[in-house]
Amino acid sequence: MALIVPGYRAWSQNICPQDFNQIGPTCINSIQREFQNVPIPLNPEIIGTMVFYKTENGEVGKLKIESVLLNRTECIVYLDAVTYAGDQTFTPNSSISISLANDQWLPNLIYLDKDGTAGLELKRAGNTCGLVFSEKVKIIKYGQTGEISKRKENNILFYAPLVLVFIAIFIIVRVFLEEQDKFKTQEALEDAENAKVKNTQLFIRLTRPFYKRYFVPLVQGSKNKQGLKTKYRQKLANAGLTKDMTPEEFVALKFFMILGGPFVFLAIRWIVEEQWDLSYIPLVAIAGYFYPEMWLSGLIDQRRNKVLLAMPFIVDMLALSVEAGLDFMAAIQRVIEKAPPSPLVEEFEMLIKETKIGSSRAEGLRQLSWRVNIIEINSFCATLIAADSVGASIAPILKQLSNELRVKRSSRAEQLGATAATKILFPMILFIMPAVIIAIFAPMGLKALSGNP
């Protein structure tokens, strides 16, 4: 079998539309060019090709090659075909394949019509495979689908992701290859300071060399610099990132992720060897811009939960220390030494440092309340500030606060337990109830089918 196709060309006149789904029998019958019985050799370039065919019974049809898999032991063709027989349509199988078995290639055949007279066979000849039509079928190659034309028309959308990728690669290369003399002193000072800060976020450590060099200067030169500080200063404090990054650096991180997101997308695409469409890159860039906001919100919620869990025990320790004769600041110092590590202990350490450099106790408590920003801490700080202003003893106040916190924690646990039943109701309806119904009614159905009473 020879799989050499004579030099036939795509039909040059626009008789039929470019969209495969819009092509009907009328436009196929209107083509005046001679249909031929020729095989179609398979190669990657043939993907997307449309073929019109006619049978001896007067039926016409259309066929589009969706994808092709060719290797030494297997040939697979996925296609989309429709045959028109008067007012009726017939849809053949959507795939045809052959493989090597016992050193022989066995052909595979599908039928293009309902009567089984018009066959389409996949054969192997030499180092290639080809589609061979039966003698009662003649074809003409119409051309490629309209999807390729649409891509050519939308050149801006097609090349925009490539431009973003080029810019991302350019910046990354500059980060690693450019001279570092200008920043050596600054980086040494920052490293010495950051060495004292424990548990720096991995996301910050990985992205800081990129956004700090090129994007922070742009943000610092923005006219809305003060508004950005106001917007993100408290959020960073609530997440415990005051020592790790400034509001300007956080905004610079967001802009950097516009390029960093597509770069990660392409890296994953290359590692997993997937052919993901490059048109997704603008969407990935947009998602990259908003990802730092979601990451920051997650850190804030996580830190607040840790503070609430640690608060009753720490307030108990404060009450016991004050009752033992220590003043409030000495009691806090004892809590820092004895309590297990938690975000609330870190905040108390910050309170001690602020009071040592000259801040009043009331001002330190206000700053603690601003940094944590949850109702329980706000109430705790406001109560202590009020007691300090009138000179009242804080030991009974701390005991009362401890009892209230334990009641609130129990109430919150009960609330979460009550909502858990509602949250698992929908998964139970989706997955468990069908299994129960099948288990109950399947035996009855089997008995009914077998005719047993």
# chains A, B, ... in the order shown; residues from 1 in each chain; ligands from 1

call {"tool": "select_by_dssp", "arguments": {"residues": "segment 69-286 of chain A", "states": "strand (DSSP E or B)", "output": "VMD selection string"}}
result
chain A and resid 69 to 70 74 to 85 88 to 90 95 to 101 104 to 105 108 to 111 119 to 125 128 to 133 137 to 144

call {"tool": "closest_residue", "arguments": {"among": "A:Ile139, A:Leu228, A:Ala101, A:Ala237", "to": "Ile28 of chain A", "atoms": "only C-alpha atoms"}}
result
A:Ile139

call {"tool": "closest_atom_pairs", "arguments": {"of": "segment 215-325 of chain A", "to": "segment 394-416 of chain A", "cutoff": "9 Å", "atoms": "only C-alpha atoms", "output": "Markdown table"}}
result
| residue | atom | partner | partner_atom | distance |
| --- | --- | --- | --- | --- |
| A:Leu308 | CA | A:Arg409 | CA | 8.0 |
| A:Leu309 | CA | A:Arg409 | CA | 8.1 |
| A:Met311 | CA | A:Leu405 | CA | 7.6 |
| A:Pro312 | CA | A:Ser402 | CA | 5.5 |
| A:Phe313 | CA | A:Ser402 | CA | 7.9 |
| A:Ile314 | CA | A:Ser402 | CA | 8.7 |
| A:Val315 | CA | A:Ser402 | CA | 5.7 |
| A:Asp316 | CA | A:Ser402 | CA | 6.0 |
| A:Leu318 | CA | A:Leu398 | CA | 7.2 |
| A:Ala319 | CA | A:Leu398 | CA | 5.3 |
| A:Leu320 | CA | A:Ala395 | CA | 7.8 |
| A:Ser321 | CA | A:Ala395 | CA | 8.7 |
| A:Val322 | CA | A:Ala395 | CA | 5.8 |
| A:Glu323 | CA | A:Ala395 | CA | 6.0 |

call {"tool": "atom_distance", "arguments": {"atom1": "atom CA of Glu59 of chain A", "atom2": "atom CA of Leu106 of chain A"}}
result
28.5 Å

call {"tool": "closest_residue", "arguments": {"among": "A:Glu376, A:Asp327, A:Glu135, A:Glu347", "to": "Thr117 of chain A", "atoms": "only C-alpha atoms"}}
result
A:Glu135

call {"tool": "select_by_dssp", "arguments": {"residues": "segment 193-336 of chain A", "states": "helix (DSSP H, G or I)", "output": "JSON, numbers by chain"}}
result
{"A": [193, 194, 202, 203, 204, 205, 206, 207, 208, 209, 210, 211, 212, 213, 214, 216, 217, 218, 219, 220, 225, 226, 227, 228, 229, 230, 231, 232, 233, 234, 235, 236, 237, 238, 247, 248, 249, 250, 251, 252, 253, 254, 255, 256, 257, 258, 259, 260, 261, 262, 263, 264, 265, 266, 267, 268, 269, 270, 271, 278, 279, 280, 281, 282, 283, 284, 285, 286, 287, 288, 289, 290, 291, 292, 293, 294, 295, 296, 297, 298, 299, 300, 301, 302, 303, 304, 305, 306, 307, 308, 309, 310, 311, 312, 313, 314, 315, 316, 317, 318, 319, 320, 321, 322, 323, 328, 329, 330, 331, 332, 333, 334, 335, 336]}

call {"tool": "write_last_selection", "arguments": {"atoms": "C-alpha atoms", "output": "short mmCIF file (atom, residue, chain, number, x, y, z; two decimals), in the first residue's frame"}}
result
data_model
loop_
_atom_site.label_atom_id
_atom_site.label_comp_id
_atom_site.auth_asym_id
_atom_site.auth_seq_id
_atom_site.Cartn_x
_atom_site.Cartn_y
_atom_site.Cartn_z
CA GLU A 193 18.81 41.77 61.36
CA ASN A 194 16.78 38.97 59.78
CA LEU A 202 9.36 30.81 52.75
CA PHE A 203 7.34 32.77 50.19
CA ILE A 204 9.09 35.98 51.23
CA ARG A 205 12.55 34.40 51.21
CA LEU A 206 12.07 33.08 47.67
CA THR A 207 10.64 36.25 46.11
CA ARG A 208 12.52 39.01 47.98
CA PRO A 209 15.62 39.04 45.71
CA PHE A 210 13.37 39.74 42.73
CA TYR A 211 10.78 42.27 43.86
CA LYS A 212 13.05 44.30 46.14
CA ARG A 213 15.57 45.21 43.44
CA TYR A 214 13.28 46.37 40.64
CA VAL A 216 10.26 48.54 45.35
CA PRO A 217 11.85 51.69 43.82
CA LEU A 218 8.85 52.03 41.50
CA VAL A 219 6.40 51.79 44.40
CA GLN A 220 8.41 54.21 46.53
CA LYS A 225 2.75 56.01 48.54
CA GLN A 226 1.10 57.22 51.75
CA GLY A 227 -2.21 55.58 50.87
CA LEU A 228 -0.48 52.25 50.27
CA LYS A 229 1.21 52.49 53.68
CA THR A 230 -2.10 53.17 55.38
CA LYS A 231 -3.81 50.29 53.57
CA TYR A 232 -1.31 47.54 54.28
CA ARG A 233 0.55 48.55 57.47
CA GLN A 234 -2.03 47.13 59.84
CA LYS A 235 -2.64 44.02 57.70
CA LEU A 236 1.06 43.19 57.78
CA ALA A 237 1.08 43.77 61.54
CA ASN A 238 -1.96 41.51 61.98
CA PRO A 247 3.87 48.03 52.90
CA GLU A 248 5.91 49.21 49.88
CA GLU A 249 7.55 45.80 49.63
CA PHE A 250 4.18 44.06 49.79
CA VAL A 251 2.83 46.16 46.91
CA ALA A 252 6.06 45.50 45.00
CA LEU A 253 5.50 41.77 45.60
CA LYS A 254 2.04 42.03 44.04
CA PHE A 255 3.42 43.68 40.90
CA PHE A 256 6.27 41.17 40.70
CA MET A 257 3.79 38.27 40.80
CA ILE A 258 2.27 39.55 37.54
CA LEU A 259 5.46 38.24 35.94
CA GLY A 260 6.32 35.57 38.51
CA GLY A 261 2.97 33.79 38.13
CA PRO A 262 3.38 33.14 34.37
CA PHE A 263 6.98 32.05 34.93
CA VAL A 264 5.86 29.45 37.51
CA PHE A 265 3.07 28.37 35.13
CA LEU A 266 5.58 27.78 32.31
CA ALA A 267 8.01 26.01 34.63
CA ILE A 268 5.31 23.59 35.82
CA ARG A 269 4.15 23.16 32.21
CA TRP A 270 7.68 22.16 31.21
CA ILE A 271 8.27 19.89 34.22
CA LEU A 278 -0.40 29.71 26.38
CA SER A 279 -3.53 31.85 26.22
CA TYR A 280 -3.97 31.06 29.95
CA ILE A 281 -0.90 33.16 30.79
CA PRO A 282 -2.80 36.50 31.10
CA LEU A 283 -5.22 34.84 33.53
CA VAL A 284 -2.28 33.42 35.51
CA ALA A 285 -0.74 36.92 35.62
CA ILE A 286 -3.97 38.36 37.04
CA ALA A 287 -4.17 35.54 39.59
CA GLY A 288 -0.54 36.23 40.51
CA TYR A 289 -1.38 39.86 41.28
CA PHE A 290 -4.13 38.87 43.71
CA TYR A 291 -2.36 35.86 45.24
CA PRO A 292 -0.37 37.91 47.85
CA GLU A 293 -3.67 39.32 49.16
CA MET A 294 -5.08 35.81 49.67
CA TRP A 295 -1.81 34.63 51.18
CA LEU A 296 -1.82 37.56 53.62
CA SER A 297 -5.45 36.97 54.61
CA GLY A 298 -4.65 33.32 55.34
CA LEU A 299 -1.74 34.31 57.58
CA ILE A 300 -3.93 36.79 59.47
CA ASP A 301 -6.65 34.20 60.16
CA GLN A 302 -4.08 31.61 61.18
CA ARG A 303 -2.34 34.00 63.57
CA ARG A 304 -5.59 35.17 65.16
CA ASN A 305 -6.63 31.58 65.85
CA LYS A 306 -3.29 30.92 67.56
CA VAL A 307 -3.71 34.04 69.68
CA LEU A 308 -7.20 32.97 70.79
CA LEU A 309 -5.98 29.49 71.70
CA ALA A 310 -3.08 30.83 73.78
CA MET A 311 -4.91 33.70 75.45
CA PRO A 312 -6.74 31.93 78.35
CA PHE A 313 -3.57 30.23 79.61
CA ILE A 314 -1.49 33.41 79.34
CA VAL A 315 -4.11 35.53 81.13
CA ASP A 316 -4.21 32.90 83.92
CA MET A 317 -0.45 33.16 84.26
CA LEU A 318 -0.67 36.94 84.39
CA ALA A 319 -3.32 36.77 87.14
CA LEU A 320 -1.28 34.31 89.22
CA SER A 321 1.89 36.38 88.81
CA VAL A 322 0.15 39.61 89.82
CA GLU A 323 -1.44 37.90 92.84
CA PHE A 328 2.07 44.03 85.56
CA MET A 329 5.25 44.42 83.45
CA ALA A 330 7.17 41.94 85.60
CA ALA A 331 4.24 39.52 85.24
CA ILE A 332 4.43 39.87 81.47
CA GLN A 333 8.16 39.17 81.60
CA ARG A 334 7.45 36.00 83.60
CA VAL A 335 4.84 34.94 81.00
CA ILE A 336 7.40 35.43 78.22
#

call {"tool": "atom_distance", "arguments": {"atom1": "atom CA of Gly61 of chain A", "atom2": "atom CA of Val82 of chain A"}}
result
5.5 Å

call {"tool": "closest_residue", "arguments": {"among": "A:Ile140, A:Ala160, A:Leu368, A:Val77", "to": "Leu109 of chain A", "atoms": "only C-alpha atoms"}}
result
A:Val77

call {"tool": "residues_around", "arguments": {"residues": "Leu79 of chain A", "least_positions_apart": "3", "cutoff": "12 Å", "atoms": "only C-alpha atoms", "output": "count of residues only"}}
result
28

call {"tool": "residues_around", "arguments": {"residues": "Leu122 of chain A", "least_positions_apart": "4", "cutoff": "6 Å", "atoms": "only C-alpha atoms", "output": "number ranges by chain"}}
result
A: 107-108, 130-131

call {"tool": "residues_around", "arguments": {"residues": "Phe133 of chain A", "least_positions_apart": "2", "cutoff": "8 Å", "atoms": "only C-alpha atoms", "output": "ChimeraX atom specification"}}
result
/A:37-39,118-121,131,135-138

call {"tool": "residues_around", "arguments": {"residues": "Leu384 of chain A", "least_positions_apart": "2", "cutoff": "9 Å", "atoms": "only C-alpha atoms", "output": "list in words"}}
result
Ala362, Leu365, Ser379, Phe380, Cys381, Ala382, Ala386, Ala387, Asp388, Ser389, Ile394, Ile397 and Leu398 of chain A

call {"tool": "atom_distance", "arguments": {"atom1": "atom CA of Gln201 of chain A", "atom2": "atom CA of Asn224 of chain A"}}
result
27.1 Å
